[in-house]
$ cat input.txt   # compact mmCIF, C-alpha atoms
# COMPACT_ATOMS: atom_id res chain seq x y z
CA LEU P 1 99.10 108.56 107.98
CA LEU P 2 95.67 108.16 106.33
CA CYS P 3 94.40 106.34 109.41
CA ALA P 4 95.79 109.09 111.63
CA VAL P 5 93.74 111.61 109.62
CA CYS P 6 90.67 109.46 110.42
CA PHE P 7 91.42 109.40 114.15
CA ASP P 8 91.84 113.19 114.11
CA ALA P 9 88.40 113.51 112.50
CA ILE P 10 86.48 111.49 115.12
CA VAL P 11 88.45 112.91 118.08
CA GLU P 12 87.57 116.42 116.90
CA LYS P 13 83.95 115.34 116.40
CA VAL P 14 83.42 114.06 119.95
CA ASN P 15 85.08 117.23 121.31
CA ASP P 16 85.92 115.66 124.66
CA SER P 17 88.56 117.20 126.92
CA SER P 18 89.93 113.78 127.89
CA ILE P 19 91.32 113.15 124.39
CA LYS P 20 93.05 115.53 122.03
CA PRO P 21 93.58 115.31 118.24
CA CYS P 22 97.13 115.28 116.87
CA GLY P 23 96.28 118.15 114.52
CA ILE P 24 97.56 116.56 111.33
CA THR P 25 97.68 118.80 108.27
CA TYR P 26 97.66 116.80 105.06
CA SER P 27 96.60 117.65 101.53
CA SER P 28 96.26 115.59 98.37
CA SER P 29 94.70 116.06 94.96
CA GLU P 30 94.12 112.31 94.54
CA GLU P 31 90.64 110.77 94.41
CA PHE P 32 89.67 107.21 95.36
CA PRO P 33 86.65 105.07 96.14
CA LEU P 34 87.27 104.29 99.80
CA PHE P 35 86.04 102.61 102.96
CA VAL P 36 86.79 103.43 106.59
CA THR P 37 86.46 100.60 109.11
CA TRP P 38 86.51 100.90 112.89
CA LYS P 39 87.28 97.87 115.04
CA LYS P 40 87.21 97.65 118.82
CA LYS P 41 89.58 95.62 120.95
CA THR P 42 87.83 92.74 122.73
CA ALA P 43 87.80 92.47 126.52
CA SER P 44 90.57 89.86 126.38
CA GLY P 45 92.67 92.23 124.26
CA SER P 46 93.56 89.43 121.84
CA ASP P 47 91.17 90.24 119.01
CA TRP P 48 89.20 92.99 117.29
CA ARG P 49 85.47 93.16 116.55
CA LEU P 50 83.72 95.34 114.00
CA ARG P 51 82.48 98.68 115.35
CA GLY P 52 81.53 100.41 112.11
CA CYS P 53 82.29 100.28 108.39
CA ILE P 54 80.97 102.56 105.63
CA GLY P 55 82.46 103.80 102.38
CA THR P 56 81.73 104.76 98.82
CA PHE P 57 82.35 103.34 95.35
CA GLY P 58 82.38 106.88 93.97
CA ALA P 59 85.81 108.51 93.80
CA LYS P 60 86.25 111.00 96.63
CA SER P 61 88.89 113.62 97.32
CA LEU P 62 91.25 111.60 99.51
CA VAL P 63 91.52 113.77 102.61
CA GLN P 64 87.94 115.07 102.63
CA GLY P 65 86.62 111.60 101.83
CA LEU P 66 88.54 110.06 104.72
CA LYS P 67 87.29 112.68 107.15
CA GLU P 68 83.71 112.35 105.93
CA TYR P 69 83.53 108.56 106.05
CA SER P 70 85.48 108.35 109.31
CA ILE P 71 82.65 110.24 110.95
CA ILE P 72 79.88 108.40 109.08
CA SER P 73 81.26 104.94 109.90
CA ALA P 74 81.97 105.81 113.54
CA PHE P 75 78.70 107.59 114.35
CA ARG P 76 76.11 106.72 111.68
CA ASP P 77 76.48 103.02 110.89
CA ARG P 78 72.92 101.86 111.62
CA ARG P 79 74.14 98.45 112.76
CA PHE P 80 75.82 100.02 115.80
CA SER P 81 75.33 102.73 118.37
CA PRO P 82 77.54 105.82 117.85
CA VAL P 83 81.14 105.52 119.07
CA THR P 84 81.69 107.27 122.40
CA ALA P 85 84.71 109.25 123.58
CA GLU P 86 85.45 106.53 126.13
CA GLU P 87 85.68 103.92 123.36
CA ILE P 88 88.10 105.77 121.10
CA PRO P 89 91.27 104.63 122.95
CA THR P 90 90.20 101.01 122.31
CA LEU P 91 89.75 101.45 118.55
CA ARG P 92 91.69 100.50 115.46
CA CYS P 93 91.16 102.24 112.13
CA ASP P 94 91.39 100.44 108.77
CA VAL P 95 91.45 102.46 105.54
CA SER P 96 90.80 100.71 102.22
CA LEU P 97 91.41 102.52 98.92
CA LEU P 98 89.57 100.60 96.19
CA THR P 99 91.14 99.89 92.78
CA ASN P 100 90.94 97.62 89.72
CA PHE P 101 87.16 97.37 89.35
CA GLU P 102 86.11 94.60 86.93
CA LYS P 103 82.87 92.94 85.90
CA ALA P 104 83.01 89.29 87.02
CA ALA P 105 81.71 86.56 84.72
CA ASP P 106 79.66 85.00 87.52
CA CYS P 107 79.46 84.53 91.30
CA ASP P 108 82.57 82.35 91.33
CA ASP P 109 84.77 84.57 89.16
CA TRP P 110 86.82 86.08 91.95
CA THR P 111 89.58 85.02 94.39
CA ILE P 112 89.28 84.94 98.18
CA GLY P 113 91.92 87.13 99.82
CA VAL P 114 92.50 89.08 96.60
CA HIS P 115 89.16 90.54 95.54
CA GLY P 116 86.38 92.38 97.23
CA ILE P 117 83.00 91.87 95.59
CA GLN P 118 79.77 93.78 95.12
CA VAL P 119 76.53 92.04 94.11
CA ASP P 120 73.37 93.54 92.63
CA PHE P 121 70.22 91.52 92.10
CA GLU P 122 66.41 91.60 92.14
CA ASP P 123 63.92 89.33 93.87
CA SER P 124 61.71 88.03 91.07
CA SER P 125 58.76 87.63 93.42
CA SER P 126 58.78 91.23 94.62
CA SER P 127 60.98 93.08 92.09
CA GLN P 128 62.87 94.53 95.05
CA HIS P 129 66.49 95.52 94.34
CA TYR P 130 69.35 94.41 96.60
CA THR P 131 73.02 95.34 96.70
CA ALA P 132 75.88 94.76 99.14
CA THR P 133 79.66 94.45 99.24
CA PHE P 134 82.42 92.78 101.22
CA LEU P 135 85.96 94.16 101.25
CA PRO P 136 88.74 91.75 100.18
CA ASP P 137 89.76 90.71 103.69
CA VAL P 138 86.28 89.79 104.97
CA PRO P 139 85.76 86.30 103.42
CA SER P 140 89.25 85.11 104.39
CA GLU P 141 88.88 86.45 107.95
CA GLN P 142 85.55 84.62 108.31
CA GLY P 143 86.77 81.43 106.65
CA TRP P 144 84.01 81.49 104.04
CA THR P 145 83.98 79.76 100.66
CA THR P 146 82.92 81.72 97.57
CA LYS P 147 79.44 80.19 97.82
CA GLU P 148 79.11 81.09 101.51
CA THR P 149 80.32 84.62 100.79
CA ILE P 150 77.58 85.14 98.18
CA GLU P 151 74.97 83.85 100.62
CA GLU P 152 76.24 86.18 103.36
CA LEU P 153 76.25 89.09 100.91
CA ALA P 154 72.61 88.42 100.02
CA TYR P 155 71.73 88.40 103.73
CA LYS P 156 73.73 91.61 104.31
CA ALA P 157 71.78 93.23 101.45
CA GLY P 158 68.55 92.44 103.28
CA TYR P 159 67.41 89.41 101.28
CA ARG P 160 65.80 86.78 103.51
CA GLY P 161 64.91 84.10 100.97
CA THR P 162 66.92 81.07 99.87
CA VAL P 163 69.91 81.81 97.65
CA THR P 164 69.09 79.40 94.86
CA ARG P 165 71.19 78.53 91.84
CA SER P 166 68.78 80.58 89.73
CA LEU P 167 69.22 83.63 91.97
CA ARG P 168 72.99 83.27 91.90
CA SER P 169 72.99 83.14 88.11
CA SER P 170 70.95 86.35 87.96
CA MET P 171 73.34 88.31 90.19
CA ARG P 172 75.54 91.01 88.71
CA VAL P 173 78.96 90.76 90.34
CA THR P 174 81.73 93.38 90.38
CA ARG P 175 85.13 92.44 91.75
CA TYR P 176 87.80 94.88 92.89
CA GLN P 177 91.01 95.08 94.89
CA SER P 178 92.15 97.41 97.64
CA SER P 179 95.19 99.03 99.15
CA LYS P 180 94.83 98.85 102.92
CA ALA P 181 96.41 100.47 105.96
CA HIS P 182 95.54 100.23 109.64
CA LEU P 183 96.47 101.99 112.86
CA THR P 184 95.55 101.56 116.52
CA TYR P 185 94.74 104.51 118.77
CA ASP P 186 97.84 103.75 120.85
CA ASP P 187 100.08 104.04 117.77
CA TYR P 188 98.19 107.14 116.64
CA LYS P 189 99.12 108.91 119.88
CA LYS P 190 102.56 107.32 120.27
CA ASN P 191 103.64 108.48 116.80
CA TYR P 192 102.54 112.09 117.25
CA HIS P 193 106.11 113.28 116.62
CA ILE P 194 106.22 111.28 113.37
CA TRP P 195 103.08 112.95 112.02
CA LYS P 196 104.55 116.34 112.89
CA LYS P 197 107.82 115.54 111.11
CA TRP P 198 105.90 114.40 108.05
CA CYS P 199 103.74 117.51 108.01
CA ALA P 200 106.88 119.65 108.25
CA ASN P 201 108.56 117.95 105.29
CA PRO P 202 106.22 115.55 103.44
CA ALA P 203 108.43 115.34 100.34
CA VAL P 204 111.20 113.40 102.10
CA PHE P 205 109.59 111.85 105.17
CA ASP P 206 107.57 108.63 104.94
CA PRO P 207 105.78 107.85 108.24
CA THR P 208 104.44 104.52 106.98
CA LEU P 209 107.93 103.12 107.49
CA TYR P 210 107.52 103.59 111.23
CA PHE P 211 104.08 102.23 112.05
CA HIS P 212 102.65 100.14 109.21
CA ASP P 213 103.20 96.39 109.47
CA ASP P 214 102.03 95.17 106.04
CA GLU P 215 104.54 92.88 104.34
CA GLU P 216 105.39 95.29 101.53
CA VAL P 217 106.05 98.16 103.91
CA SER P 218 108.01 95.91 106.28
CA GLU P 219 110.24 94.91 103.39
CA LYS P 220 110.63 98.57 102.48
CA LYS P 221 111.55 99.42 106.06
CA THR P 222 114.09 96.58 106.16
CA THR P 223 115.61 97.80 102.90
CA VAL P 224 115.94 101.33 104.25
CA GLU P 225 117.49 100.08 107.49
CA GLU P 226 119.97 97.90 105.59
CA LYS P 227 120.88 100.83 103.36
CA GLU P 228 121.45 103.02 106.42
CA LYS P 229 123.67 100.32 107.94
CA ARG P 230 125.69 100.01 104.71
CA GLU P 231 126.15 103.77 104.52
CA LYS P 232 127.21 103.92 108.17
CA LYS P 233 129.72 101.11 107.65
CA LYS P 234 131.08 102.84 104.55
CA ARG P 235 131.56 106.06 106.52
CA GLU P 236 133.33 104.14 109.27
CA ASP P 237 135.54 102.35 106.72
CA ASP P 238 136.38 105.64 105.02
CA GLU P 239 137.27 107.18 108.37
CA SER P 240 139.36 104.12 109.21
CA GLU P 241 141.21 104.38 105.88
CA GLU P 242 141.84 108.06 106.53
CA ASP P 243 143.25 107.17 109.97
CA ASP P 244 145.45 104.49 108.37
CA ASP P 245 146.67 106.98 105.77
CA ASP P 246 147.46 109.50 108.49
CA GLU P 247 149.30 106.87 110.49
CA GLU P 248 151.29 105.79 107.42
CA GLU P 249 152.09 109.39 106.65
CA VAL P 250 153.36 109.90 110.20
CA LYS P 251 155.52 106.77 109.90
CA GLU P 252 157.00 107.97 106.61
CA LYS P 253 157.80 111.37 108.11
CA LYS P 254 159.47 109.74 111.12
CA THR P 255 161.52 107.51 108.80
CA GLU P 256 162.53 110.49 106.71
CA ILE P 257 163.55 112.48 109.79
CA HIS P 258 165.48 109.50 111.14
CA THR P 259 167.24 109.09 107.78
CA GLN P 260 168.07 112.79 107.65
CA ARG P 261 169.40 112.64 111.17
CA LYS P 262 171.42 109.53 110.32
CA ARG P 263 172.82 111.24 107.26
CA ARG P 264 173.58 114.34 109.29
CA PHE P 265 175.60 112.41 111.86
CA CYS P 266 177.39 110.05 109.48

$ encode --input "input.txt" --output "structure tokens"
Amino acid sequence: LLCAVCFDAIVEKVNDSSIKPCGITYSSSEEFPLFVTWKKKTASGSDWRLRGCIGTFGAKSLVQGLKEYSIISAFRDRRFSPVTAEEIPTLRCDVSLLTNFEKAADCDDWTIGVHGIQVDFEDSSSSQHYTATFLPDVPSEQGWTTKETIEELAYKAGYRGTVTRSLRSSMRVTRYQSSKAHLTYDDYKKNYHIWKKWCANPAVFDPTLYFHDDEEVSEKKTTVEEKEKREKKKREDDESEEDDDDEEEVKEKKTEIHTQRKRRFC
């Protein structure tokens, strides 16, 4: 659902008659540091490449923050040209809500695939300040070691010197975790009816069960489906027992009538 809110934001922004927003109404009082990432399907259709990614470490009102950074990451990421209306159907949206911020002891005090990291450091020769971050999934997707990740972070921050042991030891490192969801444009449009059902009754309807493929949600969906199957079987068994009771009752009545008749004619 959060990703669908992001798609609505950029579709409304481009204001192109060829694509229409789903018109999702969603409100929340929660605040999170967050990032919105856009990825574009490759020509072969087998992979996704980065198209824009910007966020904030300051807690933002969830809905307004998503809308704001959806637009910023899609149209104002200086590494890319602005997303066009023609590209939107080829996009995937990733939303990361950041949690569990901790000061790391050093550049190696974090776990690939678990933590995102932010580094801050100064170049002693110029006193220039540098800072950059990678979300938790980036190092594992790229196949980097912790050392390679720090080097790539320094480059991303704009540093062009050698990342020496001395520089690494001077870096201030913050590690964090994230809760992530993603959604393709195709699923955004295909599940229009799901968003509408959720908006009509958000207290009891959970759309993530229908489109999100993360392991935790998949397990949740399986549990719900199994529960529904058990309840259906129980209803069928109860109906079957009722039918059996009715049949037994009919048999008893027939026996009673036959006995009465037998008594009457004996």

$ closest_atom_pairs --input "input.txt" --of "region 89-109 of chain P" --to "region 73-80 of chain P" --cutoff "12 Å" --atoms "only C-alpha atoms" --output "tab-separated table"
residue	atom	partner	partner_atom	distance
P:Leu91	CA	P:Ala74	CA	10.2
P:Arg92	CA	P:Ala74	CA	11.2
P:Cys93	CA	P:Ala74	CA	10.0
P:Asp94	CA	P:Ser73	CA	11.1
P:Val95	CA	P:Ser73	CA	11.4

$ atom_distance --input "input.txt" --atom1 "CA of Trp38 (chain P)" --atom2 "CA of Phe134 (chain P)"
14.8 Å

$ residues_around --input "input.txt" --residues "Val5 (chain P)" --least-positions-apart "5" --cutoff "10 Å" --atoms "all atoms listed in the file" --output "ChimeraX atom specification"
/P:10,21-26,63-64,66-67,70,188,195

$ atom_distance --input "input.txt" --atom1 "CA of Tyr69 (chain P)" --atom2 "CA of Val36 (chain P)"
6.1 Å

$ atom_distance --input "input.txt" --atom1 "CA of Ser125 (chain P)" --atom2 "CA of Arg172 (chain P)"
17.8 Å

$ closest_residue --input "input.txt" --among "P:Leu153, P:Leu34, P:Cys107, P:Val83" --to "Gly52 (chain P)" --atoms "all atoms listed in the file"
P:Val83

$ closest_residue --input "input.txt" --among "P:Ala105, P:Leu50, P:Leu62, P:Leu97" --to "Ala181 (chain P)" --atoms "all atoms listed in the file"
P:Leu97

$ residues_around --input "input.txt" --residues "Ile112 (chain P)" --least-positions-apart "5" --cutoff "10 Å" --atoms "only C-alpha atoms" --output "list in words"
Ile117, Pro136, Asp137, Val138, Pro139, Ser140, Glu141, Gly143, Trp144, Thr145, Thr146 and Thr149 of chain P

$ residues_around --input "input.txt" --residues "Ser170 (chain P)" --least-positions-apart "3" --cutoff "9 Å" --atoms "only C-alpha atoms" --output "count of residues only"
7

$ decode --input "input.txt" --residues "region 119-189 of chain P" --atoms "C-alpha atoms" --output "compact mmCIF listing (two decimals), in the first residue's frame"
# COMPACT_ATOMS: atom_id res chain seq x y z
CA VAL P 119 29.48 7.31 7.21
CA ASP P 120 30.67 10.80 8.10
CA PHE P 121 34.29 11.87 7.76
CA GLU P 122 36.63 14.75 6.91
CA ASP P 123 39.54 14.91 4.50
CA SER P 124 42.49 16.00 6.64
CA SER P 125 44.17 17.67 3.67
CA SER P 126 41.23 19.91 2.82
CA SER P 127 38.98 19.76 5.91
CA GLN P 128 36.09 19.00 3.57
CA HIS P 129 33.20 17.04 5.13
CA TYR P 130 31.75 13.94 3.45
CA THR P 131 28.71 11.83 4.21
CA ALA P 132 26.83 9.05 2.41
CA THR P 133 24.64 6.03 3.10
CA PHE P 134 23.73 2.67 1.62
CA LEU P 135 20.45 0.95 2.47
CA PRO P 136 20.70 -2.59 3.90
CA ASP P 137 20.11 -4.41 0.62
CA VAL P 138 22.74 -2.57 -1.45
CA PRO P 139 25.99 -4.32 -0.35
CA SER P 140 24.46 -7.80 -0.65
CA GLU P 141 22.97 -7.02 -4.08
CA GLN P 142 26.36 -5.80 -5.31
CA GLY P 143 28.32 -8.64 -3.71
CA TRP P 144 30.56 -6.27 -1.75
CA THR P 145 32.56 -7.04 1.38
CA THR P 146 32.41 -4.63 4.33
CA LYS P 147 35.70 -3.07 3.20
CA GLU P 148 34.48 -2.63 -0.38
CA THR P 149 31.24 -1.12 0.88
CA ILE P 150 33.12 1.54 2.88
CA GLU P 151 35.23 2.36 -0.17
CA GLU P 152 32.12 2.67 -2.35
CA LEU P 153 30.45 4.85 0.28
CA ALA P 154 33.44 7.21 0.31
CA TYR P 155 33.25 7.46 -3.49
CA LYS P 156 29.47 8.03 -3.35
CA ALA P 157 30.09 10.85 -0.85
CA GLY P 158 32.35 12.53 -3.39
CA TYR P 159 35.74 11.59 -1.96
CA ARG P 160 38.27 10.81 -4.70
CA GLY P 161 41.35 9.97 -2.65
CA THR P 162 42.56 6.59 -1.41
CA VAL P 163 40.57 5.09 1.45
CA THR P 164 43.47 4.40 3.79
CA ARG P 165 43.40 2.58 7.10
CA SER P 166 43.84 5.95 8.81
CA LEU P 167 40.83 7.41 6.99
CA ARG P 168 38.72 4.38 7.84
CA SER P 169 39.59 4.69 11.51
CA SER P 170 38.53 8.34 11.49
CA MET P 171 35.09 7.63 10.01
CA ARG P 172 31.99 7.93 12.16
CA VAL P 173 29.67 5.06 11.29
CA THR P 174 25.96 4.72 12.08
CA ARG P 175 24.22 1.44 11.39
CA TYR P 176 20.47 0.94 11.06
CA GLN P 177 17.88 -1.52 9.83
CA SER P 178 14.85 -1.12 7.59
CA SER P 179 11.40 -2.47 6.92
CA LYS P 180 10.99 -2.72 3.17
CA ALA P 181 8.15 -3.14 0.68
CA HIS P 182 8.12 -3.04 -3.11
CA LEU P 183 5.56 -2.91 -5.88
CA THR P 184 5.70 -2.89 -9.68
CA TYR P 185 3.56 -0.58 -11.79
CA ASP P 186 1.72 -3.61 -13.21
CA ASP P 187 0.73 -4.75 -9.71
CA TYR P 188 -0.16 -1.18 -8.75
CA LYS P 189 -2.73 -1.04 -11.55
